There are 2 protein chains.
Amino acid sequence: MSQYPKSPLMGQMMSQPLLISNIIQFADRYFGDAEIVSRRVEGDVHRYTYRDCHRRARRLANALASLGVQMGDRVATLAWNGYRHLELYYAISGSGAVMHTINPRLHPDQVAYIANHAEDQYLFFDMTFLPLVERFARQCKTVKGFVMMCDRDGMPQETSVPNLMCYEDLIDQNSDEYAWPQFDENSASSLCYTSGTTGNPKGALYSHRSTLLHSLASVMPDALNVSARDAVLPVVPMFHVNAWGLPYSAPMVGAKLVFPGPALDGKSLYELFEQERVTFSAGVPTVWLGLLNYVEQHKLKFSTFRRTVIGGAACPPAMMSKFRHEYDVEVVHAWGMTEMSPLGTTCTLQNRHLDLPEEQKQAVLEKQGHAIFGVDMKIVDDNGKELPWDGETYGNLLVRGPWIIERYFKGEGGDVLQDGWFPTGDVATISPHGYMQITDRSKDVIKSGGEWIGSIDLENIAMAHPAVQQAACIGVFHPKWDERPLLVVVRKPGVDISREELIRHYDGKIAKWWTPDDVAFVEALPIGATGKILKNRIREQFKGYKLPTA
Amino acid sequence: MSQYPKSPLMGQMMSQPLLISNIIQFADRYFGDAEIVSRRVEGDVHRYTYRDCHRRARRLANALASLGVQMGDRVATLAWNGYRHLELYYAISGSGAVMHTINPRLHPDQVAYIANHAEDQYLFFDMTFLPLVERFARQCKTVKGFVMMCDRDGMPQETSVPNLMCYEDLIDQNSDEYAWPQFDENSASSLCYTSGTTGNPKGALYSHRSTLLHSLASVMPDALNVSARDAVLPVVPMFHVNAWGLPYSAPMVGAKLVFPGPALDGKSLYELFEQERVTFSAGVPTVWLGLLNYVEQHKLKFSTFRRTVIGGAACPPAMMSKFRHEYDVEVVHAWGMTEMSPLGTTCTLQNRHLDLPEEQKQAVLEKQGHAIFGVDMKIVDDNGKELPWDGETYGNLLVRGPWIIERYFKGEGGDVLQDGWFPTGDVATISPHGYMQITDRSKDVIKSGGEWIGSIDLENIAMAHPAVQQAACIGVFHPKWDERPLLVVVRKPGVDISREELIRHYDGKIAKWWTPDDVAFVEALPIGATGKILKNRIREQFKGYKLPTA
């Protein structure tokens with residue numbers, strides 16, 4: 001912050017840097033007995049406390065030092081949500097090194113590209129990823145050693161992975177006497193690559209300061225609203241934008257933490273929710289689809305689950321309504337990006353809305369919401385001119401704030417800011433009361449006769465039809481209009497519906513000329529490494545598709 | 001933060017200082033239509049919005065510049081909780097000057113002392129304080145002008161106050177075109193003097209950073225838990241530790257704000273709570289006593305009031321229980337000090353407590369609670385040796401954190417820290433789960449035969465008796481034990497109770513030797529400028545008192 005002028009009179013408050021190690025120390029001292037429960041890749045359920053986690057993180061910090069890891073060095077992980085991954089979050093960042101989470105759903109070549117680009121010094125991985133690591137380990141140029149996150153019994157007899165170490169050995173061989181170093185809060189803490197759909201992945205390099213400010217803002221009542229009474233199950237992976245900050249925010253408030261490991265199917269999640277009395281969860285819509293389908297099919301109810309934050313992709317209003325009205329689970333719609341740590345907006349009601357009828361409340365809650373304190377937004381046209389907040393005008397969404405990147409790691413992509421604002425690549429409206437609604441990714445907008453059609457609206461209408469499991473809408477070539485919408489649909493198992501019925505379903509719900517020109521039924525939609533539908537893949541698949549209207 | 005070493009790899013996040021002006025800009029953009037309602041000293045009720053407040057704060061910032069106020073200059077206020085006071089909070093600090101709130105309940109000589117010590121350049125005051133200002137204005141050596149917070153019609157025909165200006169004239173004469181300056185976040189933002197019971201008042205000089213971090217931490221679900229759905233009525237005055245940060249935290253979350261002005265009696269408060277549908281309030285126990293008495297006498301209920309934070313003095317368990325069980329109002333016990341911005345701890349339950357029987361929950365909630373993230377605590381003996389967290393061992397309470405002072409303004413009192421920790425002057429226990437309980441102010445502890453008796457416990461037992469309105473317990477001289485407890489009691493109107501009955505009331509509730517040796521009935525207890533009972537005044541009053549046991 002040194003570039004800003006100082007006042008002739010400075011405050012006389014204690015000077016303490018905002019560091020990630022503060023969080024685990026605080027959790028140990030004030031919520032030391034709060035539980036961390038993990039369904040492990042080994043198959044069993046592991047339980048311990050924040051105090052235990054802190055003790056093992058200190059041992060691990062000593063282990064990292066003994067391996068020669070220096071301040072600023074990158075240390076990578078390929079791991080599910082679990083207690084060992086949490087220990088690494090604190091040991092690596094807390095000791096001044098950089099926690100680099102890699103998405104194991106990427107292609108091995110991409111993993112190797114990322115590890116080389118980041119110049120990772122060590123790579124820790126869950127035992128399920130041994131085959132993956134064997135495929136790319138020899139391509140890694142900077143990695144001095146690999147650590148498998150298991151005990152001695154879990155180690156392979158033979159492997160092609162060079163210099164393979166055992167996680168529990170490292171823990172056992174090191175003391176828990178460790179004083180977390182104090183350093184400048186703008187030091188790098190963690191690194192996460194965007195799984196960009198085009199070009200090479202680019203890294204967002206977070207700082208201790210940005211992480212702590214994001215955590216503080218994210219637990220506010222109008223954001224995640226997490227307290228010491230919650231049992232928090234992060235479905236969103238710790239390898240994807242730090243599980244939306246929950247590995248930091250849950251200990252910060254002393255919440256019980258429940259880690260699902262790799263089992264993210266409806267049945268496994270439901271059982272864990274019930275066994276561990278989970279009250280709060282967070283994830284992308286595709287995961288909730290699986291959970292809701294399971295609960296519906298087996299006519300179950302949630303006993304303790306009360307609130308979920310849904311983001312990563314727009315939550316279909318039908319899903320939100322089902323959670324709210326059939327299962328009494330409050331849904332908070334959220335929006336963010338890897339480049340934003342990730343939280344930018346959450347959608348909650350204001351005092352002014354309390355007396356509105358239920359449908360009007362629901363209509364507000366379907367938007368992506370208002371900025372969290374710290375974030376600012378604006379919408380601009382293609383020339384950068386600011387557009388009005390009238391809830392109708394579409395524009396490119398720009399953001400700024402202390403947990404938003406200034407540039408990508410190593411300057412990839414060059415100067416990305418526009419006049420100090422980060423361009424999100426989303427197209428949105430903002431209401432007069434500051435509620436933002438994503439209408440599309442700028443590259444997914446369907447451009448028909450010079451006008452824009454938002455694909456998300458079309459998908460939401462389709463998703464509200466009882467026969468539709470999943471839907472994606474893309475623009476395909478039309479000789480007269482340039483592009484016209486094609487709806488691509490996965491039907492619910494055992495349910496039939498025709499093209500004509502689905503097109504009729506749009507009557508009266510949308511401007512006539514927005515109605516899709518055609519429907520294509522498919523078995524499944526391509527899902528990316530972060531759980532989002534890959535529209536560019538669908539567009540490739542339907543390249544050259546001939547519309548009946550063409 | 002520059003004294004901390006930098007990592008070889010710094011984060012690549014946007015660099016933005018944490019400034020108080022961020023808050024009002026955010027409130028304007030995202031909660032611009034949320035209401036601010038003020039009962040004015042003029043007698044009427046004033047309503048406007050955050051957007052209006054921001055516009056007038058910008059005019060006022062221009063006014064300050066035109067008066068020659070520079071960055072770092074102190075500008076004082078003597079004002080109740082109201083919208084003009086809020087405008088000053090943002091205009092003064094936001095423009096880089098220092099908001100200096102003075103407690104108008106102090107003696108005029110003390111006000112003058114503080115204004116001179118702070119070297120205030122201007123002093124803004126509510127019209128009710130004109131007689132007070134007339135008494136001390138000529139003693140102020142640095143004040144260039146006084147501004148009365150009213151419109152032209154409210155200005156006096158004649159006054160002895162030199163260079164008296166009219167607030168609304170300043171607003172009218174200036175433009176709302178104003179860009180909030182960006183500067184180092186450690187710059188001083190505001191100044192508040194402790195109304196020390198001994199010696200001269202000493203100033204706590206807050207920074208923008210400390211204020212923003214305190215605000216972020218204070219709205220967490222386990223702290224004040226304030227959201228955009230709340231209507232917040234700060235009873236705690238804006239002239240006393242910034243009304244526990246509510247003038248910052250309420251706009252930060254977009255809550256409706258309701259200001260009571262000077263009318264803090266039970267009837268006025270109750271009517272405002274009902275008219276404005278207040279959901280949340282915060283104040284000291286003595287104010288709640290008045291409110292509860294009024295509500296009880298008139299057999300009323302609260303329609304919207306759901307949660308209150310009580311601090312400033314220990315909340316008698318009987319009051320807490322009445323709020324919780326008779327009025328369905330959640331009470332959060334809080335503890336802090338002027339030197340701590342002020343919040344240090346709040347008392348809320350953890351996941352582990354949810355299945356406890358009601359009495360055990362209540363017992364937890366009667367403590368002062370766990371540290372808010374950012375604050376750390378310890379208890380030490382008189383030699384500075386750390387004492388165990390067993391819930392029984394008493395010790396001097398020490399704290400540290402980024403919103404706790406490092407020293408007093410101008411170095412008054414010398415080096416106050418002990419090894420980097422601020423000594424609070426409180427005596428406390430801390431439970432194994434991190435719950436702190438104040439047992440006494442170190443100077444109020446009753447020292448009987450070398451052992452300590454906590455006066456707060458004795459007072460709480462007395463307060464639980466239906467005939468007792470207020471109680472204070474002090475140590476008075478005893479020839480054998482050095483000190484023995486004397487209970488000083490104000491009876492409820494029209495209720496009689498004898499000394500013997502009250503002493504019997506302690507049977508079985510406490511160690512026999514802790515029982516007060518005598519009871520003195522008085523008409524009223526002396527209350528200080530911040531609403532606390534002044535025990536040193538009571539001790540003076542009973543100096544030389546002869547106990548029947550002596």
# chains A, B, ... in the order shown; residues from 1 in each chain; ligands from 1
>>> residues_around(residues="Asp265 in chain A", least_positions_apart="4", cutoff="9 Å", atoms="only C-alpha atoms", output="count of residues only")
6
>>> residues_around(residues="Val236 in chain A", least_positions_apart="4", cutoff="7 Å", atoms="only C-alpha atoms", output="ChimeraX atom specification")
/A:243,282-284
>>> write_last_selection(atoms="all heavy atoms", output="short mmCIF file (atom, residue, chain, number, x, y, z; two decimals), in the first residue's frame")
data_model
loop_
_atom_site.label_atom_id
_atom_site.label_comp_id
_atom_site.auth_asym_id
_atom_site.auth_seq_id
_atom_site.Cartn_x
_atom_site.Cartn_y
_atom_site.Cartn_z
N ALA A 243 -11.95 -23.74 -2.84
CA ALA A 243 -13.30 -24.10 -2.34
C ALA A 243 -14.04 -22.85 -1.87
O ALA A 243 -14.68 -22.84 -0.82
CB ALA A 243 -13.21 -25.13 -1.22
N ALA A 282 -21.90 -25.66 -0.15
CA ALA A 282 -21.69 -24.75 -1.27
C ALA A 282 -21.18 -25.55 -2.45
O ALA A 282 -20.35 -26.44 -2.29
CB ALA A 282 -20.66 -23.68 -0.90
N GLY A 283 -21.71 -25.27 -3.64
CA GLY A 283 -21.28 -26.00 -4.82
C GLY A 283 -21.90 -25.47 -6.09
O GLY A 283 -22.64 -24.48 -6.08
N VAL A 284 -21.58 -26.16 -7.19
CA VAL A 284 -22.09 -25.76 -8.51
C VAL A 284 -23.41 -26.48 -8.76
O VAL A 284 -23.69 -27.51 -8.16
CB VAL A 284 -21.06 -26.11 -9.63
CG1 VAL A 284 -19.80 -25.27 -9.45
CG2 VAL A 284 -20.73 -27.59 -9.64
#
>>> closest_residue(among="B:Met99, B:Cys166, B:Val309, B:Leu130", to="chain A", atoms="only C-alpha atoms")
B:Met99
>>> residues_around(residues="Leu487 in chain A", least_positions_apart="6", cutoff="9 Å", atoms="only C-alpha atoms", output="PyMOL selection string")
chain A and resi 458-459+462+471-475+516-521
>>> residues_around(residues="Arg59 in chain B", least_positions_apart="6", cutoff="8 Å", atoms="only C-alpha atoms", output="list of chain:residue names")
B:Leu170, B:Ile171, B:Asp172, B:Asn174, B:Ser175, B:Asp176, B:Glu177, B:Tyr178
>>> write_last_selection(atoms="all heavy atoms", output="mmCIF file, in the first residue's frame")
data_model
loop_
_atom_site.group_PDB
_atom_site.id
_atom_site.type_symbol
_atom_site.label_atom_id
_atom_site.label_comp_id
_atom_site.auth_asym_id
_atom_site.auth_seq_id
_atom_site.Cartn_x
_atom_site.Cartn_y
_atom_site.Cartn_z
ATOM 1 N N LEU B 170 -23.534 25.567 5.553
ATOM 2 C CA LEU B 170 -22.332 24.941 4.980
ATOM 3 C C LEU B 170 -22.714 23.917 3.906
ATOM 4 O O LEU B 170 -22.081 23.830 2.856
ATOM 5 C CB LEU B 170 -21.510 24.244 6.072
ATOM 6 C CG LEU B 170 -20.722 25.124 7.040
ATOM 7 C CD1 LEU B 170 -19.958 24.260 8.030
ATOM 8 C CD2 LEU B 170 -19.757 26.031 6.286
ATOM 9 N N ILE B 171 -23.751 23.159 4.208
ATOM 10 C CA ILE B 171 -24.223 22.157 3.232
ATOM 11 C C ILE B 171 -24.711 22.870 1.966
ATOM 12 O O ILE B 171 -24.331 22.509 0.844
ATOM 13 C CB ILE B 171 -25.365 21.316 3.847
ATOM 14 C CG1 ILE B 171 -24.880 20.499 5.044
ATOM 15 C CG2 ILE B 171 -26.034 20.446 2.778
ATOM 16 C CD1 ILE B 171 -24.276 19.170 4.735
ATOM 17 N N ASP B 172 -25.543 23.900 2.161
ATOM 18 C CA ASP B 172 -26.154 24.584 1.009
ATOM 19 C C ASP B 172 -25.116 25.282 0.135
ATOM 20 O O ASP B 172 -25.276 25.369 -1.083
ATOM 21 C CB ASP B 172 -27.162 25.641 1.490
ATOM 22 C CG ASP B 172 -28.414 24.990 2.086
ATOM 23 O OD1 ASP B 172 -28.606 23.768 1.853
ATOM 24 O OD2 ASP B 172 -29.173 25.689 2.784
ATOM 25 N N ASN B 174 -22.141 24.496 -0.584
ATOM 26 C CA ASN B 174 -21.089 23.705 -1.229
ATOM 27 C C ASN B 174 -21.644 22.676 -2.204
ATOM 28 O O ASN B 174 -22.766 22.191 -2.050
ATOM 29 C CB ASN B 174 -20.221 23.029 -0.164
ATOM 30 C CG ASN B 174 -19.250 24.008 0.472
ATOM 31 O OD1 ASN B 174 -18.206 24.302 -0.081
ATOM 32 N ND2 ASN B 174 -19.640 24.568 1.620
ATOM 33 N N SER B 175 -20.834 22.344 -3.179
ATOM 34 C CA SER B 175 -21.220 21.410 -4.234
ATOM 35 C C SER B 175 -21.113 19.967 -3.745
ATOM 36 O O SER B 175 -20.343 19.666 -2.826
ATOM 37 C CB SER B 175 -20.285 21.624 -5.423
ATOM 38 O OG SER B 175 -20.162 20.453 -6.186
ATOM 39 N N ASP B 176 -21.875 19.081 -4.357
ATOM 40 C CA ASP B 176 -21.713 17.660 -4.019
ATOM 41 C C ASP B 176 -20.738 16.959 -4.960
ATOM 42 O O ASP B 176 -20.612 15.736 -4.936
ATOM 43 C CB ASP B 176 -23.076 16.946 -3.973
ATOM 44 C CG ASP B 176 -23.796 16.948 -5.300
ATOM 45 O OD1 ASP B 176 -23.195 17.359 -6.311
ATOM 46 O OD2 ASP B 176 -24.973 16.556 -5.322
ATOM 47 N N GLU B 177 -20.048 17.739 -5.772
ATOM 48 C CA GLU B 177 -18.981 17.166 -6.615
ATOM 49 C C GLU B 177 -17.736 17.028 -5.758
ATOM 50 O O GLU B 177 -17.087 18.027 -5.428
ATOM 51 C CB GLU B 177 -18.661 18.111 -7.785
ATOM 52 C CG GLU B 177 -19.767 18.279 -8.793
ATOM 53 C CD GLU B 177 -19.834 17.106 -9.761
ATOM 54 O OE1 GLU B 177 -18.756 16.580 -10.111
ATOM 55 O OE2 GLU B 177 -20.961 16.709 -10.138
ATOM 56 N N TYR B 178 -17.398 15.829 -5.398
ATOM 57 C CA TYR B 178 -16.236 15.632 -4.526
ATOM 58 C C TYR B 178 -15.723 14.208 -4.736
ATOM 59 O O TYR B 178 -16.497 13.261 -4.658
ATOM 60 C CB TYR B 178 -16.631 15.833 -3.057
ATOM 61 C CG TYR B 178 -15.465 15.735 -2.095
ATOM 62 C CD1 TYR B 178 -14.654 16.827 -1.841
ATOM 63 C CD2 TYR B 178 -15.175 14.523 -1.455
ATOM 64 C CE1 TYR B 178 -13.577 16.734 -0.974
ATOM 65 C CE2 TYR B 178 -14.091 14.421 -0.588
ATOM 66 C CZ TYR B 178 -13.301 15.527 -0.351
ATOM 67 O OH TYR B 178 -12.230 15.444 0.502
#
>>> residues_around(residues="range 214-226 of chain B", least_positions_apart="2", cutoff="9 Å", atoms="only C-alpha atoms", output="MDAnalysis selection string")
(chainID A and resid 213 216:217 219:222 225:229 253 373) or (chainID B and resid 209:212 228:232 244:246 248:250 252:253 255 280 282 308:309 332 334 341:343 345:349 372:374 402:403)
>>> write_last_selection(atoms="N, CA and C atoms", output="short mmCIF file (atom, residue, chain, number, x, y, z; two decimals), in the first residue's frame")
data_model
loop_
_atom_site.label_atom_id
_atom_site.label_comp_id
_atom_site.auth_asym_id
_atom_site.auth_seq_id
_atom_site.Cartn_x
_atom_site.Cartn_y
_atom_site.Cartn_z
N LEU A 213 -8.93 -10.71 3.65
CA LEU A 213 -10.04 -9.78 3.43
C LEU A 213 -11.21 -10.51 2.78
N LEU A 216 -12.94 -12.57 5.52
CA LEU A 216 -13.74 -11.73 6.42
C LEU A 216 -15.05 -11.31 5.74
N ALA A 217 -14.93 -10.85 4.49
CA ALA A 217 -16.13 -10.39 3.80
C ALA A 217 -17.06 -11.55 3.48
N VAL A 219 -17.83 -14.26 5.12
CA VAL A 219 -18.66 -14.84 6.17
C VAL A 219 -19.77 -13.90 6.62
N MET A 220 -19.86 -12.71 6.06
CA MET A 220 -20.90 -11.76 6.48
C MET A 220 -22.29 -12.39 6.30
N PRO A 221 -23.23 -11.92 7.13
CA PRO A 221 -24.58 -12.49 7.07
C PRO A 221 -25.21 -12.46 5.66
N ASP A 222 -24.85 -11.47 4.85
CA ASP A 222 -25.42 -11.43 3.51
C ASP A 222 -24.56 -12.13 2.47
N ASN A 225 -22.61 -16.34 5.35
CA ASN A 225 -23.34 -16.40 6.62
C ASN A 225 -23.02 -17.66 7.42
N VAL A 226 -21.75 -17.88 7.66
CA VAL A 226 -21.31 -19.08 8.37
C VAL A 226 -20.95 -18.73 9.81
N SER A 227 -21.38 -19.56 10.74
CA SER A 227 -21.13 -19.29 12.15
C SER A 227 -20.57 -20.51 12.86
N ALA A 228 -20.25 -20.34 14.14
CA ALA A 228 -19.72 -21.43 14.97
C ALA A 228 -20.76 -22.53 15.20
N ARG A 229 -22.02 -22.26 14.88
CA ARG A 229 -23.05 -23.28 15.03
C ARG A 229 -23.24 -24.13 13.77
N VAL A 253 -14.46 -18.84 11.74
CA VAL A 253 -15.66 -18.70 12.58
C VAL A 253 -15.85 -19.89 13.50
N PHE A 373 -19.22 -6.36 0.28
CA PHE A 373 -18.41 -5.20 0.61
C PHE A 373 -16.94 -5.46 0.27
N ARG B 209 -7.51 1.69 8.43
CA ARG B 209 -7.36 0.23 8.40
C ARG B 209 -8.01 -0.42 9.62
N SER B 210 -7.70 0.09 10.80
CA SER B 210 -8.25 -0.54 12.01
C SER B 210 -9.77 -0.46 12.02
N THR B 211 -10.30 0.65 11.53
CA THR B 211 -11.74 0.84 11.52
C THR B 211 -12.42 -0.12 10.54
N LEU B 212 -11.82 -0.28 9.36
CA LEU B 212 -12.41 -1.18 8.36
C LEU B 212 -12.33 -2.63 8.81
N ALA B 228 -28.56 -6.85 5.67
CA ALA B 228 -29.37 -5.89 4.91
C ALA B 228 -30.85 -5.98 5.27
N ARG B 229 -31.25 -7.01 5.99
CA ARG B 229 -32.65 -7.13 6.40
C ARG B 229 -32.92 -6.49 7.76
N ASP B 230 -31.86 -6.06 8.43
CA ASP B 230 -32.03 -5.48 9.76
C ASP B 230 -32.38 -4.01 9.72
N ALA B 231 -33.10 -3.59 10.75
CA ALA B 231 -33.24 -2.16 11.06
C ALA B 231 -32.52 -1.98 12.38
N VAL B 232 -31.43 -1.23 12.33
CA VAL B 232 -30.47 -1.14 13.44
C VAL B 232 -30.67 0.17 14.20
N TRP B 244 -19.85 1.64 18.96
CA TRP B 244 -19.40 0.26 18.73
C TRP B 244 -19.25 -0.05 17.24
N GLY B 245 -18.96 0.97 16.45
CA GLY B 245 -18.72 0.77 15.02
C GLY B 245 -19.97 0.70 14.16
N LEU B 246 -21.15 0.81 14.74
CA LEU B 246 -22.39 0.67 13.94
C LEU B 246 -22.52 1.73 12.84
N TYR B 248 -20.38 2.54 10.91
CA TYR B 248 -19.63 1.97 9.79
C TYR B 248 -20.24 0.64 9.35
N SER B 249 -20.58 -0.21 10.32
CA SER B 249 -20.99 -1.56 9.95
C SER B 249 -22.40 -1.61 9.36
N ALA B 250 -23.29 -0.75 9.82
CA ALA B 250 -24.65 -0.77 9.25
C ALA B 250 -24.65 -0.38 7.77
N MET B 252 -22.16 -0.66 5.78
CA MET B 252 -21.37 -1.71 5.11
C MET B 252 -22.24 -2.88 4.68
N VAL B 253 -23.28 -3.17 5.45
CA VAL B 253 -24.17 -4.29 5.10
C VAL B 253 -25.50 -3.81 4.54
N ALA B 255 -27.92 -2.10 6.11
CA ALA B 255 -29.05 -2.16 7.05
C ALA B 255 -29.73 -0.79 7.13
N PHE B 280 -32.67 -4.83 15.56
CA PHE B 280 -31.40 -5.00 16.24
C PHE B 280 -31.02 -3.73 16.97
N ALA B 282 -28.12 -2.09 20.24
CA ALA B 282 -26.92 -2.33 21.03
C ALA B 282 -26.79 -1.23 22.05
N THR B 308 -30.19 -8.21 20.55
CA THR B 308 -29.47 -7.06 21.09
C THR B 308 -28.10 -7.48 21.56
N VAL B 309 -27.17 -6.58 21.39
CA VAL B 309 -25.83 -6.79 21.91
C VAL B 309 -25.68 -5.88 23.11
N VAL B 332 -26.83 -10.96 22.97
CA VAL B 332 -25.43 -11.31 22.78
C VAL B 332 -24.61 -10.44 23.74
N ALA B 334 -21.34 -8.87 25.07
CA ALA B 334 -20.13 -8.45 24.38
C ALA B 334 -19.21 -7.74 25.36
N SER B 341 -11.57 -0.31 19.96
CA SER B 341 -12.39 0.11 18.80
C SER B 341 -13.90 -0.18 18.79
N PRO B 342 -14.59 -0.80 19.68
CA PRO B 342 -14.20 -1.38 20.94
C PRO B 342 -14.29 -2.90 21.01
N LEU B 343 -14.75 -3.60 19.95
CA LEU B 343 -15.15 -4.99 20.19
C LEU B 343 -14.00 -5.97 20.36
N THR B 345 -14.75 -9.33 22.43
CA THR B 345 -15.40 -10.65 22.48
C THR B 345 -16.91 -10.49 22.34
N THR B 346 -17.52 -11.54 21.85
CA THR B 346 -18.99 -11.67 21.88
C THR B 346 -19.28 -13.10 22.30
N CYS B 347 -20.44 -13.30 22.89
CA CYS B 347 -20.75 -14.63 23.40
C CYS B 347 -21.87 -15.27 22.60
N THR B 348 -21.51 -16.24 21.80
CA THR B 348 -22.51 -17.02 21.06
C THR B 348 -22.18 -18.49 21.23
N LEU B 349 -23.14 -19.33 20.94
CA LEU B 349 -22.96 -20.77 21.12
C LEU B 349 -22.22 -21.37 19.93
N ILE B 372 -13.35 -12.25 18.92
CA ILE B 372 -13.73 -12.08 17.52
C ILE B 372 -12.47 -12.28 16.69
N PHE B 373 -12.58 -12.87 15.51
CA PHE B 373 -11.38 -13.09 14.70
C PHE B 373 -10.62 -11.77 14.52
N GLY B 374 -9.34 -11.81 14.83
CA GLY B 374 -8.50 -10.61 14.76
C GLY B 374 -7.95 -10.28 16.16
N PRO B 402 -5.31 -6.04 15.40
CA PRO B 402 -5.09 -4.87 14.54
C PRO B 402 -6.02 -3.69 14.82
N TRP B 403 -7.03 -3.85 15.70
CA TRP B 403 -7.83 -2.68 16.05
C TRP B 403 -7.72 -2.33 17.53
#
>>> residues_around(residues="range 424-434 of chain A", least_positions_apart="3", cutoff="6 Å", atoms="only C-alpha atoms", output="tab-separated table (two decimals) with N, CA and C atoms, in the first residue's frame")
chain	number	residue	atom	x	y	z
A	370	HIS	N	-26.07	-8.56	-5.13
A	370	HIS	CA	-25.33	-7.32	-4.94
A	370	HIS	C	-23.88	-7.63	-4.57
A	389	TRP	N	-27.86	1.53	-14.62
A	389	TRP	CA	-28.34	0.46	-13.75
A	389	TRP	C	-29.87	0.49	-13.76
A	390	ASP	N	-30.46	-0.03	-14.83
A	390	ASP	CA	-31.91	-0.01	-14.94
A	390	ASP	C	-32.51	-1.41	-14.92
A	391	GLY	N	-31.65	-2.42	-14.77
A	391	GLY	CA	-32.15	-3.79	-14.73
A	391	GLY	C	-32.46	-4.34	-16.11
A	392	GLU	N	-32.25	-3.53	-17.16
A	392	GLU	CA	-32.59	-3.99	-18.51
A	392	GLU	C	-31.42	-3.88	-19.48
A	393	THR	N	-30.62	-2.83	-19.31
A	393	THR	CA	-29.51	-2.63	-20.24
A	393	THR	C	-28.41	-3.66	-19.96
A	394	TYR	N	-28.02	-4.37	-21.01
A	394	TYR	CA	-26.93	-5.36	-20.93
A	394	TYR	C	-25.59	-4.69	-21.13
A	395	GLY	N	-24.59	-5.15	-20.44
A	395	GLY	CA	-23.25	-4.65	-20.75
A	395	GLY	C	-22.18	-5.60	-20.27
A	396	ASN	N	-20.96	-5.35	-20.70
A	396	ASN	CA	-19.82	-6.13	-20.22
A	396	ASN	C	-19.58	-5.78	-18.76
A	397	LEU	N	-19.46	-6.81	-17.93
A	397	LEU	CA	-19.34	-6.60	-16.49
A	397	LEU	C	-17.87	-6.43	-16.09
A	398	LEU	N	-17.57	-5.33	-15.42
A	398	LEU	CA	-16.21	-5.06	-14.92
A	398	LEU	C	-16.24	-4.98	-13.40
A	437	GLN	N	-27.43	-9.23	-12.61
A	437	GLN	CA	-27.87	-10.50	-13.17
A	437	GLN	C	-27.04	-10.79	-14.41
A	438	ILE	N	-26.38	-11.96	-14.37
A	438	ILE	CA	-25.61	-12.39	-15.54
A	438	ILE	C	-26.62	-12.80	-16.61
A	439	THR	N	-26.46	-12.25	-17.80
A	439	THR	CA	-27.34	-12.71	-18.87
A	439	THR	C	-26.59	-13.70	-19.75
A	440	ASP	N	-25.27	-13.62	-19.73
A	440	ASP	CA	-24.50	-14.57	-20.52
A	440	ASP	C	-23.01	-14.37	-20.31
A	441	ARG	N	-22.23	-15.38	-20.73
A	441	ARG	CA	-20.82	-15.13	-20.99
A	441	ARG	C	-20.78	-14.36	-22.29
A	442	SER	N	-19.88	-13.40	-22.41
A	442	SER	CA	-19.89	-12.60	-23.64
A	442	SER	C	-19.72	-13.48	-24.87
B	30	TYR	N	-24.95	0.21	-3.63
B	30	TYR	CA	-25.65	-1.07	-3.53
B	30	TYR	C	-26.87	-1.03	-2.61
>>> select_by_dssp(residues="range 180-313 of chain A", states="strand (DSSP E or B)", output="ChimeraX atom specification")
/A:187-194,202-207,231-234,256-259,280-283,307-310
>>> residues_around(residues="Leu205 in chain B", least_positions_apart="6", cutoff="10 Å", atoms="only C-alpha atoms", output="JSON, numbers by chain")
{"A": [9, 10, 11, 12, 13], "B": [98, 99, 100, 187, 188, 189, 190, 191, 192, 193, 338, 339, 341, 404, 405, 406, 407, 408, 409, 410]}
>>> select_by_dssp(residues="range 37-71 of chain B", states="helix (DSSP H, G or I)", output="ChimeraX atom specification")
/B:50-66
>>> closest_residue(among="A:Asn103, A:Gln360, A:Asn351, A:Ser160", to="chain B", atoms="only C-alpha atoms")
A:Asn351
>>> atom_distance(atom1="CA of Leu86 in chain B", atom2="CA of Phe26 in chain B")
15.2 Å
>>> closest_residue(among="B:Ser38, B:Thr549, B:Ser93, B:Ser498", to="chain A", atoms="only C-alpha atoms")
B:Ser93
>>> closest_residue(among="B:His353, B:His46, B:Arg135, B:Lys202", to="chain A", atoms="only C-alpha atoms")
B:His353
